[in-house]
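The data block below is input05.cif; it holds mmCIF, C-alpha atoms.
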data_data
loop_
_atom_site.label_atom_id
_atom_site.label_comp_id
_atom_site.auth_asym_id
_atom_site.auth_seq_id
_atom_site.Cartn_x
_atom_site.Cartn_y
_atom_site.Cartn_z
CA MET A 1 15.76 21.93 -22.82
CA ILE A 2 14.03 18.88 -24.29
CA ASN A 3 10.24 19.12 -24.27
CA ILE A 4 8.27 15.89 -23.92
CA ILE A 5 4.49 15.65 -23.75
CA CYS A 6 3.00 12.89 -21.58
CA PHE A 7 -0.37 11.48 -22.57
CA ALA A 8 -1.65 9.97 -19.33
CA LEU A 9 -4.95 8.14 -19.10
CA TYR A 10 -6.03 9.59 -15.74
CA GLY A 11 -5.49 12.76 -13.72
CA GLU A 12 -3.45 13.28 -10.57
CA LEU A 13 -5.77 11.18 -8.42
CA ALA A 14 -4.47 8.07 -10.19
CA ALA A 15 -1.35 6.53 -8.67
CA SER A 16 -0.09 5.67 -12.16
CA THR A 17 -0.03 9.35 -13.13
CA ARG A 18 1.57 10.51 -9.91
CA TYR A 19 4.25 7.85 -9.59
CA ARG A 20 5.12 6.97 -13.17
CA LEU A 21 5.07 10.51 -14.54
CA MET A 22 4.53 13.45 -12.18
CA GLN A 23 7.10 12.63 -9.52
CA TYR A 24 9.85 12.62 -12.16
CA ARG A 25 9.20 16.16 -13.41
CA PRO A 26 11.33 18.12 -10.88
CA GLY A 27 14.31 15.79 -11.10
CA LEU A 28 14.30 15.56 -14.89
CA VAL A 29 14.71 19.32 -15.18
CA GLU A 30 18.27 18.80 -13.89
CA TYR A 31 18.87 16.60 -16.94
CA GLY A 32 17.48 19.22 -19.32
CA ILE A 33 14.15 17.45 -19.76
CA ASN A 34 10.78 19.18 -19.40
CA LEU A 35 7.67 17.00 -19.08
CA GLN A 36 4.26 18.44 -19.92
CA LEU A 37 1.37 16.35 -18.63
CA ASN A 38 -1.89 15.84 -20.52
CA PHE A 39 -4.52 13.52 -19.03
CA LEU A 40 -7.66 12.26 -20.73
CA LEU A 41 -9.93 11.30 -17.82
CA ASN A 42 -9.93 13.79 -14.96
CA ASP A 43 -10.22 13.25 -11.22
CA GLU A 44 -13.98 13.75 -11.28
CA TYR A 45 -14.26 10.76 -13.60
CA LEU A 46 -12.25 8.58 -11.21
CA LYS A 47 -14.23 9.74 -8.17
CA ARG A 48 -17.52 8.86 -9.85
CA ARG A 49 -16.18 5.56 -11.06
CA PHE A 50 -14.99 4.64 -7.57
CA GLN A 51 -18.36 5.68 -6.14
CA LYS A 52 -20.10 3.67 -8.89
CA SER A 53 -22.20 6.69 -9.82
CA SER A 54 -23.10 7.98 -13.29
CA LEU A 55 -20.20 9.21 -15.37
CA PRO A 56 -19.93 12.92 -16.32
CA ILE A 57 -20.74 12.69 -20.04
CA SER A 58 -20.20 16.40 -20.74
CA GLY A 59 -16.89 16.23 -18.91
CA LEU A 60 -15.80 13.22 -20.96
CA ILE A 61 -16.56 15.06 -24.19
CA THR A 62 -14.65 18.11 -22.99
CA SER A 63 -11.67 15.95 -22.01
CA GLY A 64 -11.68 14.24 -25.39
CA VAL A 65 -11.71 17.55 -27.24
CA LYS A 66 -8.96 18.92 -25.01
CA ARG A 67 -6.74 15.95 -25.82
CA PHE A 68 -7.39 16.45 -29.53
CA TYR A 69 -6.14 20.04 -29.29
CA GLU A 70 -3.02 18.85 -27.45
CA LEU A 71 -2.40 16.31 -30.21
CA ALA A 72 -2.74 19.06 -32.79
CA LYS A 73 0.31 20.74 -31.19
CA ILE A 74 2.35 17.54 -30.92
CA ASN A 75 4.97 18.63 -33.46
CA SER A 76 6.09 21.40 -31.13
CA PHE A 77 7.47 18.69 -28.81
CA ASP A 78 10.62 16.63 -29.21
CA ALA A 79 9.00 13.36 -28.16
CA ALA A 80 6.04 11.90 -26.26
CA ILE A 81 5.18 9.40 -23.55
CA LEU A 82 2.00 7.36 -23.99
CA TYR A 83 0.44 5.65 -21.00
CA CYS A 84 -2.08 2.95 -22.02
CA GLU A 85 -3.78 4.61 -25.03
CA LEU A 86 -4.77 7.98 -26.45
CA TYR A 87 -8.49 7.24 -26.59
CA PRO A 88 -10.56 4.22 -25.54
CA LEU A 89 -11.90 2.26 -28.53
CA MET A 90 -9.77 4.17 -31.04
CA PRO A 91 -7.96 1.76 -33.41
CA SER A 92 -4.19 1.65 -33.21
CA TRP A 93 -3.65 2.77 -36.82
CA LEU A 94 -5.38 6.06 -36.05
CA GLU A 95 -3.44 6.54 -32.83
CA LYS A 96 -0.26 5.92 -34.78
CA LYS A 97 -1.19 8.75 -37.16
CA LEU A 98 -1.86 11.10 -34.26
CA LEU A 99 1.41 10.11 -32.57
CA ASN A 100 3.66 11.24 -35.40
CA ILE A 101 6.74 11.88 -33.26
CA PRO A 102 8.96 9.39 -31.40
CA TYR A 103 7.17 8.10 -28.31
CA MET A 104 7.81 5.93 -25.31
CA TYR A 105 5.06 3.49 -24.43
CA ASP A 106 4.69 3.22 -20.66
CA TRP A 107 2.74 0.53 -18.84
CA ASP A 108 2.40 -0.87 -15.33
CA ASP A 109 -0.57 -3.18 -15.89
CA ALA A 110 -1.44 -5.88 -18.41
CA PHE A 111 -3.16 -3.41 -20.74
CA TYR A 112 -2.95 -5.91 -23.60
CA LEU A 113 -5.91 -7.69 -21.97
CA LYS A 114 -8.14 -4.61 -22.09
CA TYR A 115 -9.99 -5.52 -25.30
CA ARG A 116 -9.58 -9.27 -24.99
CA THR A 117 -11.36 -9.97 -21.71
CA GLY A 118 -13.76 -8.37 -19.25
CA ASN A 119 -16.31 -5.68 -20.11
CA LEU A 120 -14.59 -4.78 -23.38
CA GLY A 121 -13.87 -8.35 -24.45
CA GLY A 122 -16.53 -8.04 -27.14
CA PHE A 123 -14.14 -5.82 -29.10
CA ASN A 124 -11.51 -8.55 -29.27
CA LYS A 125 -11.80 -9.10 -33.02
CA ILE A 126 -11.19 -5.47 -33.93
CA LEU A 127 -9.19 -4.14 -30.97
CA GLY A 128 -7.70 -7.22 -29.33
CA LYS A 129 -4.22 -6.42 -30.68
CA LYS A 130 -4.42 -2.65 -30.23
CA ILE A 131 -2.03 -2.45 -27.28
CA ASP A 132 0.37 -4.87 -28.96
CA SER A 133 0.46 -2.53 -31.95
CA LEU A 134 1.09 0.56 -29.80
CA VAL A 135 3.96 -1.24 -28.06
CA LYS A 136 5.39 -2.47 -31.37
CA ASN A 137 5.21 0.97 -33.01
CA SER A 138 6.77 2.84 -30.10
CA THR A 139 10.36 4.04 -30.20
CA THR A 140 10.96 2.57 -26.76
CA VAL A 141 8.97 0.86 -24.01
CA SER A 142 9.14 1.31 -20.23
CA CYS A 143 7.78 -1.61 -18.23
CA GLY A 144 6.72 -1.50 -14.59
CA ASN A 145 7.50 -5.16 -13.93
CA LYS A 146 9.39 -8.06 -15.43
CA ASN A 147 6.28 -9.86 -16.68
CA LEU A 148 5.42 -6.84 -18.84
CA LEU A 149 9.08 -6.60 -19.83
CA SER A 150 9.03 -10.18 -21.09
CA TYR A 151 5.81 -9.53 -23.02
CA ALA A 152 7.12 -6.31 -24.58
CA GLU A 153 10.40 -7.90 -25.66
CA LYS A 154 8.44 -10.05 -28.12
CA LEU A 155 7.13 -6.90 -29.81
CA ASN A 156 9.88 -4.29 -29.53
CA LYS A 157 13.67 -4.40 -29.41
CA ASN A 158 14.07 -1.28 -27.28
CA VAL A 159 12.56 -2.25 -23.92
CA ASN A 160 13.41 -0.93 -20.45
CA TYR A 161 12.58 -2.13 -16.94
CA LEU A 162 11.33 0.87 -14.98
CA PRO A 163 9.47 -0.22 -11.82
CA THR A 164 6.91 2.02 -10.16
CA VAL A 165 8.78 3.60 -7.25
CA VAL A 166 8.44 5.97 -4.31
CA ASP A 167 10.44 8.94 -3.10
CA THR A 168 12.13 7.52 -0.01
CA LYS A 169 12.63 11.05 1.31
CA LEU A 170 8.84 11.25 1.67
CA TYR A 171 8.09 7.62 2.52
CA VAL A 172 9.93 7.26 5.81
CA PRO A 173 9.52 5.05 8.93
CA MET A 174 7.85 6.58 12.01
CA SER A 175 7.72 3.87 14.67
CA LYS A 176 6.12 6.16 17.25
CA LEU A 177 2.82 5.86 15.38
CA LYS A 178 2.46 2.14 16.17
CA SER A 179 -0.41 0.94 18.37
CA SER A 180 -0.46 -1.72 21.07
CA ILE A 181 -3.06 -3.57 18.97
CA PHE A 182 -1.64 -5.78 16.23
CA THR A 183 -2.52 -3.86 13.06
CA VAL A 184 -2.74 -5.31 9.58
CA GLY A 185 -2.92 -2.69 6.84
CA TRP A 186 -3.82 -2.38 3.17
CA VAL A 187 -3.75 0.58 0.76
CA GLY A 188 -5.66 0.40 -2.49
CA SER A 189 -8.74 1.52 -4.37
CA PRO A 190 -12.30 0.32 -5.07
CA SER A 191 -10.96 -1.46 -8.15
CA THR A 192 -8.72 -3.74 -6.06
CA GLU A 193 -10.72 -4.07 -2.83
CA LYS A 194 -12.24 -7.33 -4.17
CA TYR A 195 -8.90 -9.03 -3.51
CA LEU A 196 -9.39 -8.55 0.23
CA LYS A 197 -11.80 -11.50 0.22
CA LEU A 198 -8.70 -13.69 0.21
CA LEU A 199 -8.01 -12.53 3.76
CA ILE A 200 -11.39 -13.41 5.29
CA ASP A 201 -10.48 -16.87 6.55
CA PRO A 202 -6.93 -16.19 7.84
CA LEU A 203 -7.89 -12.92 9.55
CA THR A 204 -11.00 -14.50 11.09
CA LYS A 205 -8.87 -17.24 12.65
CA LEU A 206 -6.21 -14.77 13.75
CA GLY A 207 -8.89 -12.70 15.45
CA GLN A 208 -10.00 -15.74 17.45
CA GLU A 209 -6.52 -15.92 18.98
CA SER A 210 -5.85 -12.28 19.85
CA ARG A 211 -7.01 -8.75 19.21
CA VAL A 212 -6.47 -7.66 15.59
CA ARG A 213 -7.13 -4.39 13.82
CA PHE A 214 -7.44 -4.27 10.02
CA VAL A 215 -6.94 -0.82 8.48
CA VAL A 216 -8.24 -0.51 4.91
CA ILE A 217 -7.30 2.70 3.09
CA GLY A 218 -9.02 3.62 -0.16
CA GLY A 219 -11.54 0.80 -0.32
CA LYS A 220 -14.15 -1.26 1.51
CA ALA A 221 -13.32 -4.35 3.53
CA PRO A 222 -15.40 -7.53 3.30
CA LEU A 223 -17.21 -8.76 6.40
CA ILE A 224 -14.54 -10.41 8.58
CA PRO A 225 -15.61 -11.78 11.97
CA ASN A 226 -13.55 -11.40 15.16
CA ILE A 227 -11.48 -8.39 14.11
CA GLU A 228 -11.75 -4.61 14.29
CA ILE A 229 -12.05 -3.06 10.82
CA ILE A 230 -11.22 0.59 10.15
CA GLU A 231 -12.01 1.93 6.68
CA LEU A 232 -10.41 5.24 5.71
CA GLU A 233 -10.57 7.35 2.58
CA TRP A 234 -7.28 7.68 0.77
CA GLU A 235 -5.67 11.11 1.01
CA GLU A 236 -2.17 11.86 -0.20
CA VAL A 237 -1.36 14.06 2.81
CA SER A 238 -2.13 11.28 5.32
CA GLU A 239 -1.00 8.17 3.43
CA VAL A 240 2.53 7.88 4.86
CA ASN A 241 1.38 8.48 8.43
CA LEU A 242 -1.32 5.82 8.10
CA ILE A 243 1.06 3.25 6.62
CA ASN A 244 3.29 3.87 9.62
CA THR A 245 0.50 2.64 11.91
CA PHE A 246 0.72 -0.82 10.30
CA ASP A 247 2.55 -3.68 11.97
CA VAL A 248 2.37 -5.50 8.65
CA GLY A 249 1.26 -4.48 5.15
CA VAL A 250 -0.57 -6.98 2.97
CA MET A 251 -1.11 -7.47 -0.75
CA PRO A 252 -3.46 -10.38 -1.50
CA LEU A 253 -3.93 -11.31 -5.17
CA PRO A 254 -5.68 -14.12 -7.01
CA ASP A 255 -3.64 -15.84 -9.69
CA ASN A 256 -4.66 -14.71 -13.17
CA GLU A 257 -3.10 -13.02 -16.18
CA TRP A 258 -4.18 -9.55 -15.07
CA THR A 259 -2.74 -9.81 -11.54
CA ARG A 260 0.48 -11.28 -12.89
CA GLY A 261 0.91 -7.95 -14.68
CA LYS A 262 0.71 -5.86 -11.50
CA CYS A 263 3.72 -4.01 -10.10
CA ALA A 264 3.61 -4.81 -6.35
CA PHE A 265 3.48 -1.08 -5.66
CA LYS A 266 1.60 -1.47 -2.36
CA LEU A 267 4.46 -3.58 -1.06
CA ILE A 268 6.99 -0.95 -2.08
CA GLN A 269 5.03 1.72 -0.22
CA TYR A 270 4.89 -0.39 2.94
CA MET A 271 8.54 -1.38 2.79
CA ALA A 272 9.71 2.20 2.25
CA CYS A 273 8.04 3.01 5.59
CA GLY A 274 9.86 0.17 7.31
CA VAL A 275 6.78 -2.06 7.52
CA PRO A 276 7.09 -5.87 7.12
CA VAL A 277 5.05 -7.30 4.25
CA ILE A 278 3.03 -10.35 3.31
CA GLY A 279 1.94 -10.84 -0.28
CA SER A 280 0.49 -13.48 -2.54
CA SER A 281 3.16 -15.29 -4.50
CA ILE A 282 1.99 -13.75 -7.77
CA GLY A 283 3.79 -11.74 -10.46
CA ALA A 284 6.01 -8.88 -9.31
CA ASN A 285 5.36 -9.72 -5.65
CA ASN A 286 7.89 -12.49 -6.13
CA ASN A 287 10.56 -9.96 -7.12
CA VAL A 288 9.84 -7.45 -4.37
CA ILE A 289 9.46 -9.74 -1.33
CA ASP A 290 12.25 -11.90 0.02
CA SER A 291 12.66 -13.68 3.36
CA ASN A 292 14.57 -10.72 4.81
CA CYS A 293 11.60 -8.35 4.61
CA GLY A 294 8.47 -10.50 4.67
CA PHE A 295 6.55 -13.51 3.40
CA LEU A 296 5.28 -14.84 0.10
CA VAL A 297 2.17 -16.97 0.55
CA SER A 298 -0.10 -19.01 -1.69
CA ASN A 299 -3.00 -20.26 0.45
CA ASP A 300 -5.03 -19.60 3.62
CA VAL A 301 -2.77 -21.68 5.84
CA GLU A 302 0.34 -19.81 4.70
CA TRP A 303 -1.42 -16.46 5.16
CA LEU A 304 -2.37 -17.37 8.73
CA ASN A 305 1.09 -18.68 9.60
CA ALA A 306 2.77 -15.56 8.19
CA LEU A 307 0.41 -13.26 10.10
CA ARG A 308 1.11 -15.19 13.30
CA GLU A 309 4.86 -14.96 12.72
CA VAL A 310 4.74 -11.18 12.36
CA ARG A 311 2.34 -10.78 15.30
CA ASP A 312 4.42 -12.91 17.66
CA ASN A 313 7.84 -11.42 16.88
CA PRO A 314 7.89 -7.64 17.51
CA GLN A 315 11.68 -7.49 17.40
CA LYS A 316 11.81 -9.26 14.05
CA ARG A 317 9.29 -6.77 12.72
CA LEU A 318 11.94 -4.10 13.11
CA GLN A 319 14.51 -6.25 11.29
CA TRP A 320 12.13 -7.10 8.45
CA GLY A 321 11.13 -3.46 8.18
CA GLU A 322 14.73 -2.21 8.05
CA ALA A 323 15.65 -4.79 5.40
CA GLY A 324 12.58 -3.88 3.36
CA ARG A 325 13.39 -0.18 3.38
CA GLU A 326 16.99 -0.89 2.39
CA LYS A 327 15.79 -2.96 -0.55
CA VAL A 328 13.43 -0.19 -1.69
CA ILE A 329 16.19 2.42 -1.51
CA LYS A 330 18.46 0.24 -3.64
CA ASN A 331 15.91 -0.99 -6.19
CA TYR A 332 12.56 0.81 -5.98
CA SER A 333 13.30 4.44 -5.11
CA LEU A 334 13.01 7.63 -7.15
CA GLU A 335 16.69 8.26 -6.45
CA TYR A 336 17.54 4.95 -8.15
CA THR A 337 15.22 5.19 -11.16
CA LEU A 338 15.52 8.91 -11.99
CA PRO A 339 18.85 8.52 -13.88
CA ILE A 340 17.39 5.50 -15.71
CA MET A 341 14.32 7.48 -16.79
CA ALA A 342 16.49 10.40 -17.87
CA LYS A 343 18.71 8.16 -19.99
CA VAL A 344 15.71 6.54 -21.67
CA LEU A 345 14.16 9.92 -22.50
CA LEU A 346 17.45 11.40 -23.75
CA ASN A 347 17.81 8.42 -26.08
CA LEU A 348 14.23 8.96 -27.17
CA ARG A 349 15.15 12.55 -28.06
CA LYS A 350 17.99 11.31 -30.28
CA ASN A 351 15.49 9.38 -32.35
CA SER A 352 13.56 12.57 -33.09
CA LYS A 353 16.47 14.15 -34.96
#
Written as structure tokens, how would this file's structure read?
Amino acid sequence: MINIICFALYGELAASTRYRLMQYRPGLVEYGINLQLNFLLNDEYLKRRFQKSSLPISGLITSGVKRFYELAKINSFDAAILYCELYPLMPSWLEKKLLNIPYMYDWDDAFYLKYRTGNLGGFNKILGKKIDSLVKNSTTVSCGNKNLLSYAEKLNKNVNYLPTVVDTKLYVPMSKLKSSIFTVGWVGSPSTEKYLKLLIDPLTKLGQESRVRFVVIGGKAPLIPNIEIIELEWEEVSEVNLINTFDVGVMPLPDNEWTRGKCAFKLIQYMACGVPVIGSSIGANNNVIDSNCGFLVSNDVEWLNALREVRDNPQKRLQWGEAGREKVIKNYSLEYTLPIMAKVLLNLRKNSK
């Protein structure tokens, strides 16, 4: 059995941890690979961050010390997986010393922007190239979308495309859950709810024409006149059932370097449940959506026209949904990517000899 330690940034509450690492553990055992998960920031941290309340300082210190002890035992493992970074603000040269075994760098967001823009942009001079260095020094890289793949190929010769996927045995269509009210749905988090502002104008106009329900899971909706808004907390046990109440799933995004690094995972979740999709024509959305399963849009008029098209064609909804699920099974399912992940990790093991 090959033993690999995974250094995740967040705990199980984070989709990145669940879908890029945890869901592979049972299947990889069949390939002789054992994954041990270590996360830096626990679920309590994420909950407080989402609630915009004070962060648990003592908990952060405890988490940091716990990771240090795990790193002290790193030589008992054959290889490692690093998601994002070992510690915030730690320079790459020190992380390289701590990661003294072969490791796979895994990313599903444009982490290279972390210390170049935004709240941490002030560290650009000293940490702006940290993520680049971690990618360059890794034995191999797994990339959640083709934009990140293209970026990584400039830094590392051993790069793999490994999209964020779902288990299509769990994400299944349940048409009986549909309502008579046209229902637009979105699944996300407080960190991405700001993108819903892009839907204010098209949904307002759609609501003037007919009754519309907008279900927002895991975040807060902006004020949108003329429609019924339902806000629900995200819970893993109810997620699939709630997605199955959607007549269409949406993924609005502004066009910037960060959003171009996203993995279109919301769309994959919707499509796996047989739900038609509409998404902004940005980044990985362009790879996931085609005309058989939904619509790519770039402005308010196109959003409104796409929403009308889905609303007015119930029979086509079924066709779009079936095509979307078929595409997910073939390209974005755990069944499809598990052998790829296993091969990458087995090759990583070879480099440790």
Long-range neighbours of region 54-62 of chain A as a count of residues only, 12 Å cut-off, all atoms listed in the file, 3 positions minimum in chain:
21
Would you pick out the contacts of Pro339 (chain A) at 10 Å or less, using only C-alpha atoms, so that residues sharing its chain but fewer than 5 positions from it are not included, and give the list as a PDB file with C-alpha atoms, in the frame of the given file?
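This is the output file selection25.pdb:
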ATOM      1  CA  GLY A  27      14.310  15.790 -11.100  1.00  0.00           C
ATOM      2  CA  LEU A  28      14.300  15.560 -14.890  1.00  0.00           C
ATOM      3  CA  TYR A  31      18.870  16.600 -16.940  1.00  0.00           C
ATOM      4  CA  LEU A 334      13.010   7.630  -7.150  1.00  0.00           C
ATOM      5  CA  VAL A 344      15.710   6.540 -21.670  1.00  0.00           C
ATOM      6  CA  LEU A 345      14.160   9.920 -22.500  1.00  0.00           C
TER       7      LEU A 345
END
Closest-contact table, region 266-336 of chain A side, partner region 197-201 of chain A, 9 Å, counting all atoms listed in the file, as JSON lines:
{"residue": "A:Asn299", "atom": "CA", "partner": "A:Leu198", "partner_atom": "CA", "distance": 8.7}
{"residue": "A:Asp300", "atom": "CA", "partner": "A:Asp201", "partner_atom": "CA", "distance": 6.8}
{"residue": "A:Trp303", "atom": "CA", "partner": "A:Leu199", "partner_atom": "CA", "distance": 7.8}
{"residue": "A:Leu304", "atom": "CA", "partner": "A:Asp201", "partner_atom": "CA", "distance": 8.4}
Take the selection from the previous step and output its residues with C-alpha atoms, as a PDB file, in the coordinates of the input.
ATOM      1  CA  ASN A 299      -3.000 -20.260   0.450  1.00  0.00           C
ATOM      2  CA  ASP A 300      -5.030 -19.600   3.620  1.00  0.00           C
ATOM      3  CA  TRP A 303      -1.420 -16.460   5.160  1.00  0.00           C
ATOM      4  CA  LEU A 304      -2.370 -17.370   8.730  1.00  0.00           C
TER       5      LEU A 304
END
Coordinates-based distance that separates CA of Gly324 (chain A) from CA of Trp234 (chain A) (Å, one decimal)
23.1 Å
Interatomic distance (Å, one decimal) between CA of Glu231 (chain A) and CA of Val184 (chain A):
12.1 Å
Can you complete the atoms of region 226-247 of chain A to N, CA and C atoms and list them as a PDB file, keeping the file's coordinate frame?
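rebuild_34.pdb written:
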ATOM      1  N   ASN A 226     -14.564 -11.331  14.090  1.00  0.00           N
ATOM      2  CA  ASN A 226     -13.550 -11.400  15.160  1.00  0.00           C
ATOM      3  C   ASN A 226     -12.469 -10.326  15.121  1.00  0.00           C
ATOM      4  N   ILE A 227     -12.516  -9.423  14.149  1.00  0.00           N
ATOM      5  CA  ILE A 227     -11.480  -8.390  14.110  1.00  0.00           C
ATOM      6  C   ILE A 227     -12.119  -6.998  14.026  1.00  0.00           C
ATOM      7  N   GLU A 228     -11.328  -6.001  14.398  1.00  0.00           N
ATOM      8  CA  GLU A 228     -11.750  -4.610  14.290  1.00  0.00           C
ATOM      9  C   GLU A 228     -11.357  -4.075  12.921  1.00  0.00           C
ATOM     10  N   ILE A 229     -12.322  -3.577  12.165  1.00  0.00           N
ATOM     11  CA  ILE A 229     -12.050  -3.060  10.820  1.00  0.00           C
ATOM     12  C   ILE A 229     -12.195  -1.539  10.824  1.00  0.00           C
ATOM     13  N   ILE A 230     -11.187  -0.866  10.312  1.00  0.00           N
ATOM     14  CA  ILE A 230     -11.220   0.590  10.150  1.00  0.00           C
ATOM     15  C   ILE A 230     -11.056   0.903   8.668  1.00  0.00           C
ATOM     16  N   GLU A 231     -12.054   1.534   8.089  1.00  0.00           N
ATOM     17  CA  GLU A 231     -12.010   1.930   6.680  1.00  0.00           C
ATOM     18  C   GLU A 231     -11.782   3.435   6.595  1.00  0.00           C
ATOM     19  N   LEU A 232     -10.766   3.830   5.822  1.00  0.00           N
ATOM     20  CA  LEU A 232     -10.410   5.240   5.710  1.00  0.00           C
ATOM     21  C   LEU A 232     -10.305   5.638   4.237  1.00  0.00           C
ATOM     22  N   GLU A 233     -10.748   6.845   3.931  1.00  0.00           N
ATOM     23  CA  GLU A 233     -10.570   7.350   2.580  1.00  0.00           C
ATOM     24  C   GLU A 233      -9.089   7.623   2.339  1.00  0.00           C
ATOM     25  N   TRP A 234      -8.663   7.387   1.097  1.00  0.00           N
ATOM     26  CA  TRP A 234      -7.280   7.680   0.770  1.00  0.00           C
ATOM     27  C   TRP A 234      -7.097   9.179   0.578  1.00  0.00           C
ATOM     28  N   GLU A 235      -6.071   9.721   1.212  1.00  0.00           N
ATOM     29  CA  GLU A 235      -5.670  11.110   1.010  1.00  0.00           C
ATOM     30  C   GLU A 235      -4.145  11.149   0.957  1.00  0.00           C
ATOM     31  N   GLU A 236      -3.622  11.835  -0.010  1.00  0.00           N
ATOM     32  CA  GLU A 236      -2.170  11.860  -0.200  1.00  0.00           C
ATOM     33  C   GLU A 236      -1.450  12.403   1.033  1.00  0.00           C
ATOM     34  N   VAL A 237      -2.035  13.408   1.686  1.00  0.00           N
ATOM     35  CA  VAL A 237      -1.360  14.060   2.810  1.00  0.00           C
ATOM     36  C   VAL A 237      -1.248  13.145   4.031  1.00  0.00           C
ATOM     37  N   SER A 238      -2.130  12.149   4.130  1.00  0.00           N
ATOM     38  CA  SER A 238      -2.130  11.280   5.320  1.00  0.00           C
ATOM     39  C   SER A 238      -1.609   9.878   5.052  1.00  0.00           C
ATOM     40  N   GLU A 239      -1.335   9.549   3.801  1.00  0.00           N
ATOM     41  CA  GLU A 239      -1.000   8.170   3.430  1.00  0.00           C
ATOM     42  C   GLU A 239       0.208   7.629   4.192  1.00  0.00           C
ATOM     43  N   VAL A 240       1.303   8.371   4.218  1.00  0.00           N
ATOM     44  CA  VAL A 240       2.530   7.880   4.860  1.00  0.00           C
ATOM     45  C   VAL A 240       2.311   7.675   6.351  1.00  0.00           C
ATOM     46  N   ASN A 241       1.657   8.620   7.003  1.00  0.00           N
ATOM     47  CA  ASN A 241       1.380   8.480   8.430  1.00  0.00           C
ATOM     48  C   ASN A 241       0.541   7.243   8.718  1.00  0.00           C
ATOM     49  N   LEU A 242      -0.445   6.985   7.883  1.00  0.00           N
ATOM     50  CA  LEU A 242      -1.320   5.820   8.100  1.00  0.00           C
ATOM     51  C   LEU A 242      -0.563   4.520   7.872  1.00  0.00           C
ATOM     52  N   ILE A 243       0.261   4.458   6.847  1.00  0.00           N
ATOM     53  CA  ILE A 243       1.060   3.250   6.620  1.00  0.00           C
ATOM     54  C   ILE A 243       1.951   2.971   7.822  1.00  0.00           C
ATOM     55  N   ASN A 244       2.420   4.030   8.449  1.00  0.00           N
ATOM     56  CA  ASN A 244       3.290   3.870   9.620  1.00  0.00           C
ATOM     57  C   ASN A 244       2.551   3.369  10.859  1.00  0.00           C
ATOM     58  N   THR A 245       1.237   3.262  10.806  1.00  0.00           N
ATOM     59  CA  THR A 245       0.500   2.640  11.910  1.00  0.00           C
ATOM     60  C   THR A 245       0.404   1.134  11.744  1.00  0.00           C
ATOM     61  N   PHE A 246       0.809   0.618  10.569  1.00  0.00           N
ATOM     62  CA  PHE A 246       0.720  -0.820  10.300  1.00  0.00           C
ATOM     63  C   PHE A 246       1.839  -1.570  11.015  1.00  0.00           C
ATOM     64  N   ASP A 247       1.517  -2.739  11.538  1.00  0.00           N
ATOM     65  CA  ASP A 247       2.550  -3.680  11.970  1.00  0.00           C
ATOM     66  C   ASP A 247       2.965  -4.574  10.815  1.00  0.00           C
TER      67      ASP A 247
END
